[in-house]
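Data block for target16.txt (compact mmCIF, C-alpha atoms and all ligand atoms):
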# COMPACT_ATOMS: atom_id res chain seq x y z
CA MET A 1259 13.77 -0.48 6.72
CA ALA A 1260 10.86 -0.66 9.17
CA LEU A 1261 7.73 -2.63 8.51
CA ALA A 1262 4.45 -0.73 8.55
CA ALA A 1263 2.10 -1.28 11.45
CA ALA A 1264 0.05 -4.45 11.63
CA HIS A 1265 -2.56 -4.73 8.94
CA SER A 1266 -5.17 -7.43 8.91
CA ILE A 1267 -5.78 -9.34 5.72
CA GLY A 1268 -9.38 -9.72 4.67
CA LEU A 1269 -10.81 -12.85 3.09
CA THR A 1270 -10.95 -11.28 -0.36
CA GLN A 1271 -7.29 -10.29 -0.21
CA ARG A 1272 -6.28 -13.73 1.07
CA GLN A 1273 -8.14 -15.34 -1.81
CA ALA A 1274 -6.48 -12.98 -4.30
CA ILE A 1275 -3.04 -13.78 -2.87
CA ASP A 1276 -3.77 -17.52 -2.93
CA GLN A 1277 -4.81 -17.22 -6.56
CA LEU A 1278 -1.61 -15.36 -7.46
CA ILE A 1279 0.50 -17.94 -5.69
CA ASN A 1280 -1.28 -20.79 -7.48
CA ASP A 1281 -0.88 -19.05 -10.83
CA HIS A 1282 2.89 -18.69 -10.35
CA ARG A 1283 3.67 -21.87 -8.46
CA GLY A 1284 6.90 -23.48 -9.67
CA ARG A 1285 7.76 -20.62 -12.02
CA PRO A 1286 11.15 -18.91 -11.79
CA GLY A 1287 10.92 -15.66 -9.87
CA ALA A 1288 7.51 -16.59 -8.47
CA LEU A 1289 8.11 -14.83 -5.16
CA LEU A 1290 9.15 -11.58 -6.85
CA THR A 1291 6.18 -11.63 -9.19
CA VAL A 1292 3.70 -12.42 -6.45
CA LEU A 1293 5.02 -9.63 -4.23
CA GLU A 1294 5.08 -7.18 -7.11
CA ARG A 1295 1.45 -7.92 -8.06
CA ILE A 1296 0.28 -7.67 -4.46
CA GLN A 1297 1.98 -4.31 -4.00
CA GLU A 1298 0.53 -3.00 -7.25
CA ALA A 1299 -2.97 -3.92 -6.07
CA GLN A 1300 -2.58 -2.14 -2.72
CA PRO A 1301 -4.13 1.35 -2.63
CA ARG A 1302 -0.98 2.81 -1.04
CA LYS A 1303 1.46 0.66 -3.02
CA PHE A 1304 3.19 -1.07 -0.14
CA LEU A 1305 3.55 -4.49 1.43
CA PRO A 1306 2.19 -4.61 4.99
CA ALA A 1307 3.90 -6.90 7.48
CA GLU A 1308 0.86 -9.18 7.69
CA VAL A 1309 0.90 -9.65 3.93
CA LEU A 1310 4.57 -10.65 4.01
CA ARG A 1311 3.84 -13.16 6.77
CA TYR A 1312 0.91 -14.55 4.86
CA VAL A 1313 2.92 -14.91 1.63
CA ALA A 1314 5.79 -16.58 3.47
CA ALA A 1315 3.46 -19.12 5.07
CA ALA A 1316 1.44 -19.75 1.91
CA MET A 1317 4.55 -20.24 -0.25
CA ARG A 1318 6.36 -22.16 2.50
CA ILE A 1319 9.26 -19.76 2.36
CA PRO A 1320 11.06 -18.50 5.47
CA LEU A 1321 9.86 -14.99 6.39
CA SER A 1322 13.51 -13.93 6.56
CA ARG A 1323 13.88 -14.71 2.84
CA VAL A 1324 10.75 -12.78 1.92
CA PHE A 1325 11.98 -9.87 4.00
CA SER A 1326 15.42 -9.92 2.37
CA VAL A 1327 13.81 -9.81 -1.08
CA VAL A 1328 11.63 -6.81 -0.27
CA THR A 1329 14.49 -4.93 1.34
CA PHE A 1330 16.91 -5.72 -1.51
CA TYR A 1331 14.75 -4.41 -4.37
CA ALA A 1332 14.16 -0.67 -4.26
CA PHE A 1333 10.74 -0.93 -5.91
CA PHE A 1334 9.21 -2.70 -2.93
CA ASN A 1335 7.75 -0.46 -0.24
CA LEU A 1336 7.20 -1.39 3.38
CA THR A 1337 5.37 1.80 4.27
CA PRO A 1338 2.31 3.44 2.65
CA GLN A 1339 3.25 5.58 -0.34
CA GLY A 1340 1.98 9.04 -1.30
CA ASP A 1341 -0.08 9.88 -4.37
CA ASN A 1342 3.08 11.24 -6.00
CA THR A 1343 6.58 9.85 -5.69
CA VAL A 1344 9.70 11.92 -6.11
CA CYS A 1345 12.90 9.91 -6.13
CA ILE A 1346 16.24 11.68 -5.92
CA CYS A 1347 19.42 9.92 -6.98
CA ARG A 1348 22.13 9.89 -4.34
CA GLY A 1349 24.79 8.20 -6.44
CA THR A 1350 28.25 9.71 -6.78
CA ALA A 1351 27.68 11.55 -10.07
CA CYS A 1352 24.43 13.08 -8.83
CA HIS A 1353 25.90 13.84 -5.43
CA THR A 1354 28.76 15.81 -6.95
CA ARG A 1355 26.22 17.76 -8.98
CA GLY A 1356 24.12 18.78 -6.02
CA SER A 1357 21.60 16.03 -5.32
CA ARG A 1358 21.91 16.46 -1.57
CA ASP A 1359 20.86 20.10 -1.86
CA LEU A 1360 17.94 19.07 -4.07
CA LEU A 1361 16.86 16.54 -1.47
CA GLU A 1362 17.12 19.00 1.40
CA ARG A 1363 15.25 21.67 -0.59
CA LEU A 1364 12.49 19.22 -1.44
CA LYS A 1365 12.11 18.07 2.17
CA LEU A 1366 11.89 21.69 3.24
CA GLU A 1367 9.30 22.49 0.59
CA LEU A 1368 7.13 19.54 1.62
CA GLY A 1369 7.66 19.99 5.35
CA LEU A 1370 9.33 16.61 5.74
CA THR A 1371 11.84 15.65 8.36
CA ASP A 1372 13.69 12.37 8.77
CA THR A 1373 11.62 11.66 11.83
CA GLY A 1374 8.31 12.08 10.01
CA PRO A 1375 6.07 9.36 8.61
CA GLY A 1376 8.01 6.73 6.71
CA GLU A 1377 11.66 6.39 7.36
CA GLY A 1378 14.83 8.16 6.58
CA SER A 1379 18.47 8.74 7.35
CA ALA A 1380 21.15 10.87 5.79
CA ASP A 1381 21.50 8.88 2.58
CA LYS A 1382 18.59 6.45 2.42
CA VAL A 1383 15.27 8.21 2.58
CA SER A 1384 11.63 7.21 2.27
CA LEU A 1385 9.36 9.89 3.67
CA THR A 1386 5.69 10.57 3.09
CA THR A 1387 3.84 13.79 3.82
CA PRO A 1388 1.11 13.54 6.50
CA ASP A 1389 -1.55 14.22 3.85
CA SER A 1390 -0.17 11.32 1.75
CA ARG A 1391 0.24 13.58 -1.28
CA PHE A 1392 4.00 13.04 -1.70
CA THR A 1393 6.57 10.40 -0.98
CA VAL A 1394 10.22 11.39 -1.24
CA ARG A 1395 12.74 8.63 -1.74
CA THR A 1396 16.35 8.23 -2.66
CA VAL A 1397 17.99 5.70 -4.94
CA ALA A 1398 21.62 4.63 -5.29
CA CYS A 1399 21.82 5.26 -9.07
CA PHE A 1400 19.35 5.42 -11.94
CA GLY A 1401 22.01 4.41 -14.43
CA GLN A 1402 21.63 7.81 -16.12
CA CYS A 1403 24.73 9.41 -14.65
CA ALA A 1404 25.39 11.58 -17.72
CA LEU A 1405 22.17 13.41 -16.85
CA ALA A 1406 23.16 14.11 -13.24
CA PRO A 1407 21.60 15.24 -11.07
CA VAL A 1408 18.70 12.94 -11.84
CA VAL A 1409 15.26 13.05 -10.22
CA GLU A 1410 12.40 10.71 -11.03
CA ILE A 1411 8.92 12.17 -10.59
CA ASN A 1412 6.07 9.70 -10.86
CA ARG A 1413 8.29 7.37 -12.89
CA ASN A 1414 9.41 10.05 -15.33
CA ILE A 1415 13.15 10.71 -15.35
CA HIS A 1416 14.26 14.35 -15.24
CA GLY A 1417 17.93 14.98 -15.96
CA HIS A 1418 20.07 18.02 -15.07
CA MET A 1419 17.52 18.90 -12.40
CA ASN A 1420 17.81 22.13 -10.45
CA GLU A 1421 15.90 23.58 -7.51
CA ARG A 1422 13.82 25.93 -9.66
CA GLU A 1423 12.67 23.18 -12.02
CA MET A 1424 11.95 20.84 -9.16
CA HIS A 1425 9.88 23.51 -7.40
CA LYS A 1426 7.86 24.03 -10.59
CA ALA A 1427 7.29 20.29 -10.95
CA ILE A 1428 6.12 20.00 -7.33
CA GLN A 1429 3.80 22.97 -7.65
CA ALA A 1430 2.23 21.40 -10.72
CA LEU A 1431 1.40 18.30 -8.66
CA ARG A 1432 -0.07 20.11 -5.68
S1 LIG B 1501 24.64 8.59 -9.93
FE1 LIG B 1501 22.70 9.45 -10.36
S2 LIG B 1501 22.07 8.42 -12.14
FE2 LIG B 1501 23.94 7.47 -11.64
Serialized structure, structure tokens:
Amino acid sequence: MALAAAHSIGLTQRQAIDQLINDHRGRPGALLTVLERIQEAQPRKFLPAEVLRYVAAAMRIPLSRVFSVVTFYAFFNLTPQGDNTVCICRGTACHTRGSRDLLERLKLELGLTDTGPGEGSADKVSLTTPDSRFTVRTVACFGQCALAPVVEINRNIHGHMNEREMHKAIQALR
């Protein structure tokens, strides 16, 4: 997963991060909580490289550990996210019920390629349209395999998804 381009941290953001760190100092899961709150406060819901460096230094944690946390948890983003997020499950149950075709159809509909903004490969995808309206991602499993294929649109789970329904949902968001 590639880090987004350098991003300078303003005084206000540094103060907000310092405050968060102070508020959670010594608590279990402090790093996760701090990172989660920072991401939530970002307009494009991602963690720029400079922010990760700043958090690592301020919490006296090796940057490698911060980086492994944000790459381990799927809800952390290292690139700017679109206004709408469509997440397609690529787990086995969803794969056997056509999730790859759904993904390819969606990329086609939104004009996304794996070399576009964001990042992507055959099975792990995070792509954002140039107009920042949509981000398309994949996940290993939503834990809703009985509903396969599963697609999450703006945090709402849609089971037994098909291309027609997905097209309708995308059109409604345009
Ligand atoms: S494999 Fe898709 S929800 Fe489990």
- Task: Compare A:Leu1364, A:Ala1404, A:Pro1301, A:Ile1267 by their minimum atom-to-atom distance to A:Gln1429, counting only C-alpha atoms, and give me the closest one.
- Result: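 Nearest to A:Gln1429: A:Leu1364.
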- Write as a PyMOL selection string the residues around ligand LIG 1501 (chain B), taking 8 Å as the cut-off and counting all atoms listed in the file. chain A and resi 1347-1353+1398-1408
Keeping only C-alpha atoms, write those residues as a PDB file, in the coordinates of the input.
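Output file again_8.pdb is given in full below:
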ATOM      1  CA  CYS A1347      19.420   9.920  -6.980  1.00  0.00           C
ATOM      2  CA  ARG A1348      22.130   9.890  -4.340  1.00  0.00           C
ATOM      3  CA  GLY A1349      24.790   8.200  -6.440  1.00  0.00           C
ATOM      4  CA  THR A1350      28.250   9.710  -6.780  1.00  0.00           C
ATOM      5  CA  ALA A1351      27.680  11.550 -10.070  1.00  0.00           C
ATOM      6  CA  CYS A1352      24.430  13.080  -8.830  1.00  0.00           C
ATOM      7  CA  HIS A1353      25.900  13.840  -5.430  1.00  0.00           C
ATOM      8  CA  ALA A1398      21.620   4.630  -5.290  1.00  0.00           C
ATOM      9  CA  CYS A1399      21.820   5.260  -9.070  1.00  0.00           C
ATOM     10  CA  PHE A1400      19.350   5.420 -11.940  1.00  0.00           C
ATOM     11  CA  GLY A1401      22.010   4.410 -14.430  1.00  0.00           C
ATOM     12  CA  GLN A1402      21.630   7.810 -16.120  1.00  0.00           C
ATOM     13  CA  CYS A1403      24.730   9.410 -14.650  1.00  0.00           C
ATOM     14  CA  ALA A1404      25.390  11.580 -17.720  1.00  0.00           C
ATOM     15  CA  LEU A1405      22.170  13.410 -16.850  1.00  0.00           C
ATOM     16  CA  ALA A1406      23.160  14.110 -13.240  1.00  0.00           C
ATOM     17  CA  PRO A1407      21.600  15.240 -11.070  1.00  0.00           C
ATOM     18  CA  VAL A1408      18.700  12.940 -11.840  1.00  0.00           C
TER      19      VAL A1408
END
Selection: 7 Å around stretch 1321-1327 of chain A, all atoms listed in the file, excl. self and same-chain fewer than 4 positions, as a compact mmCIF listing (two decimals) with C-alpha atoms, keeping the file's coordinate frame:
# COMPACT_ATOMS: atom_id res chain seq x y z
CA LEU A 1310 4.57 -10.65 4.01
CA ARG A 1311 3.84 -13.16 6.77
CA ALA A 1314 5.79 -16.58 3.47
CA TYR A 1331 14.75 -4.41 -4.37
Show me, as a PDB file with C-alpha atoms, in the coordinates of the input, the residues that have an atom within 8 Å of stretch 1275-1287 of chain A when counting only C-alpha atoms, minus same-chain residues fewer than 3 positions from it.
ATOM      1  CA  GLN A1271      -7.290 -10.290  -0.210  1.00  0.00           C
ATOM      2  CA  ARG A1272      -6.280 -13.730   1.070  1.00  0.00           C
ATOM      3  CA  LEU A1290       9.150 -11.580  -6.850  1.00  0.00           C
ATOM      4  CA  THR A1291       6.180 -11.630  -9.190  1.00  0.00           C
ATOM      5  CA  VAL A1292       3.700 -12.420  -6.450  1.00  0.00           C
ATOM      6  CA  ILE A1296       0.280  -7.670  -4.460  1.00  0.00           C
ATOM      7  CA  VAL A1313       2.920 -14.910   1.630  1.00  0.00           C
ATOM      8  CA  ALA A1316       1.440 -19.750   1.910  1.00  0.00           C
ATOM      9  CA  MET A1317       4.550 -20.240  -0.250  1.00  0.00           C
TER      10      MET A1317
END
- In Å, rounded to a single decimal, give me how far atom CA of A:Leu1305 is from atom CA of A:Glu1362. 27.1 Å
- What gap, in Å, lies between atom CA of A:Arg1302 and atom CA of A:Val1397?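 Computed distance, atom CA of A:Arg1302 to atom CA of A:Val1397, equals 19.6 Å.
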- Query: Which distance in Å separates atom CA of A:Phe1392 and atom CA of A:Leu1360, to one decimal?
  - Reply: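 Separating atom CA of A:Phe1392 from atom CA of A:Leu1360 is a distance of 15.4 Å.
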- Message: Residues within 12 Å of stretch 1383-1385 of chain A, please, as a ChimeraX atom specification. Count all atoms listed in the file; anything in the same chain fewer than 6 positions from it doesn't count.
- Response: /A:1259-1260,1332-1340,1342-1348,1358,1361-1362,1364-1365,1368-1377,1391-1398
Take the selection from the previous step and output its residues with C-alpha atoms, as a PDB file, keeping the file's coordinate frame.
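See again_9.pdb below for the written result:
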ATOM      1  CA  MET A1259      13.770  -0.480   6.720  1.00  0.00           C
ATOM      2  CA  ALA A1260      10.860  -0.660   9.170  1.00  0.00           C
ATOM      3  CA  ALA A1332      14.160  -0.670  -4.260  1.00  0.00           C
ATOM      4  CA  PHE A1333      10.740  -0.930  -5.910  1.00  0.00           C
ATOM      5  CA  PHE A1334       9.210  -2.700  -2.930  1.00  0.00           C
ATOM      6  CA  ASN A1335       7.750  -0.460  -0.240  1.00  0.00           C
ATOM      7  CA  LEU A1336       7.200  -1.390   3.380  1.00  0.00           C
ATOM      8  CA  THR A1337       5.370   1.800   4.270  1.00  0.00           C
ATOM      9  CA  PRO A1338       2.310   3.440   2.650  1.00  0.00           C
ATOM     10  CA  GLN A1339       3.250   5.580  -0.340  1.00  0.00           C
ATOM     11  CA  GLY A1340       1.980   9.040  -1.300  1.00  0.00           C
ATOM     12  CA  ASN A1342       3.080  11.240  -6.000  1.00  0.00           C
ATOM     13  CA  THR A1343       6.580   9.850  -5.690  1.00  0.00           C
ATOM     14  CA  VAL A1344       9.700  11.920  -6.110  1.00  0.00           C
ATOM     15  CA  CYS A1345      12.900   9.910  -6.130  1.00  0.00           C
ATOM     16  CA  ILE A1346      16.240  11.680  -5.920  1.00  0.00           C
ATOM     17  CA  CYS A1347      19.420   9.920  -6.980  1.00  0.00           C
ATOM     18  CA  ARG A1348      22.130   9.890  -4.340  1.00  0.00           C
ATOM     19  CA  ARG A1358      21.910  16.460  -1.570  1.00  0.00           C
ATOM     20  CA  LEU A1361      16.860  16.540  -1.470  1.00  0.00           C
ATOM     21  CA  GLU A1362      17.120  19.000   1.400  1.00  0.00           C
ATOM     22  CA  LEU A1364      12.490  19.220  -1.440  1.00  0.00           C
ATOM     23  CA  LYS A1365      12.110  18.070   2.170  1.00  0.00           C
ATOM     24  CA  LEU A1368       7.130  19.540   1.620  1.00  0.00           C
ATOM     25  CA  GLY A1369       7.660  19.990   5.350  1.00  0.00           C
ATOM     26  CA  LEU A1370       9.330  16.610   5.740  1.00  0.00           C
ATOM     27  CA  THR A1371      11.840  15.650   8.360  1.00  0.00           C
ATOM     28  CA  ASP A1372      13.690  12.370   8.770  1.00  0.00           C
ATOM     29  CA  THR A1373      11.620  11.660  11.830  1.00  0.00           C
ATOM     30  CA  GLY A1374       8.310  12.080  10.010  1.00  0.00           C
ATOM     31  CA  PRO A1375       6.070   9.360   8.610  1.00  0.00           C
ATOM     32  CA  GLY A1376       8.010   6.730   6.710  1.00  0.00           C
ATOM     33  CA  GLU A1377      11.660   6.390   7.360  1.00  0.00           C
ATOM     34  CA  ARG A1391       0.240  13.580  -1.280  1.00  0.00           C
ATOM     35  CA  PHE A1392       4.000  13.040  -1.700  1.00  0.00           C
ATOM     36  CA  THR A1393       6.570  10.400  -0.980  1.00  0.00           C
ATOM     37  CA  VAL A1394      10.220  11.390  -1.240  1.00  0.00           C
ATOM     38  CA  ARG A1395      12.740   8.630  -1.740  1.00  0.00           C
ATOM     39  CA  THR A1396      16.350   8.230  -2.660  1.00  0.00           C
ATOM     40  CA  VAL A1397      17.990   5.700  -4.940  1.00  0.00           C
ATOM     41  CA  ALA A1398      21.620   4.630  -5.290  1.00  0.00           C
TER      42      ALA A1398
END
- Name the residues in contact with A:Lys1426 at a cut-off of 12 Å, using all atoms listed in the file, excluding same-chain residues fewer than 5 positions from it; report them as a PyMOL selection string. chain A and resi 1364+1367+1411+1419-1421+1431-1432
- Message: Considering all atoms listed in the file, can you say which of A:Asp1359, A:Glu1308, A:Asp1341, A:Glu1294 comes closest to A:Thr1387?
- Response: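 Ranked by minimum distance to A:Thr1387, first place goes to A:Asp1341.
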- Of the residues A:Lys1303, A:Ala1427, A:Glu1410, A:Arg1422, which is the one nearest to A:Ser1390, using only C-alpha atoms?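 Among the listed residues, the smallest separation from A:Ser1390 belongs to A:Lys1303.
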Padded axis-aligned box of stretch 1311-1323 of chain A (4 Å per side), centre and edge lengths, Å, one decimal, as JSON:
{"center_x": 7.4, "center_y": -17.7, "center_z": 3.3, "size_x": 21.0, "size_y": 17.0, "size_z": 15.0}
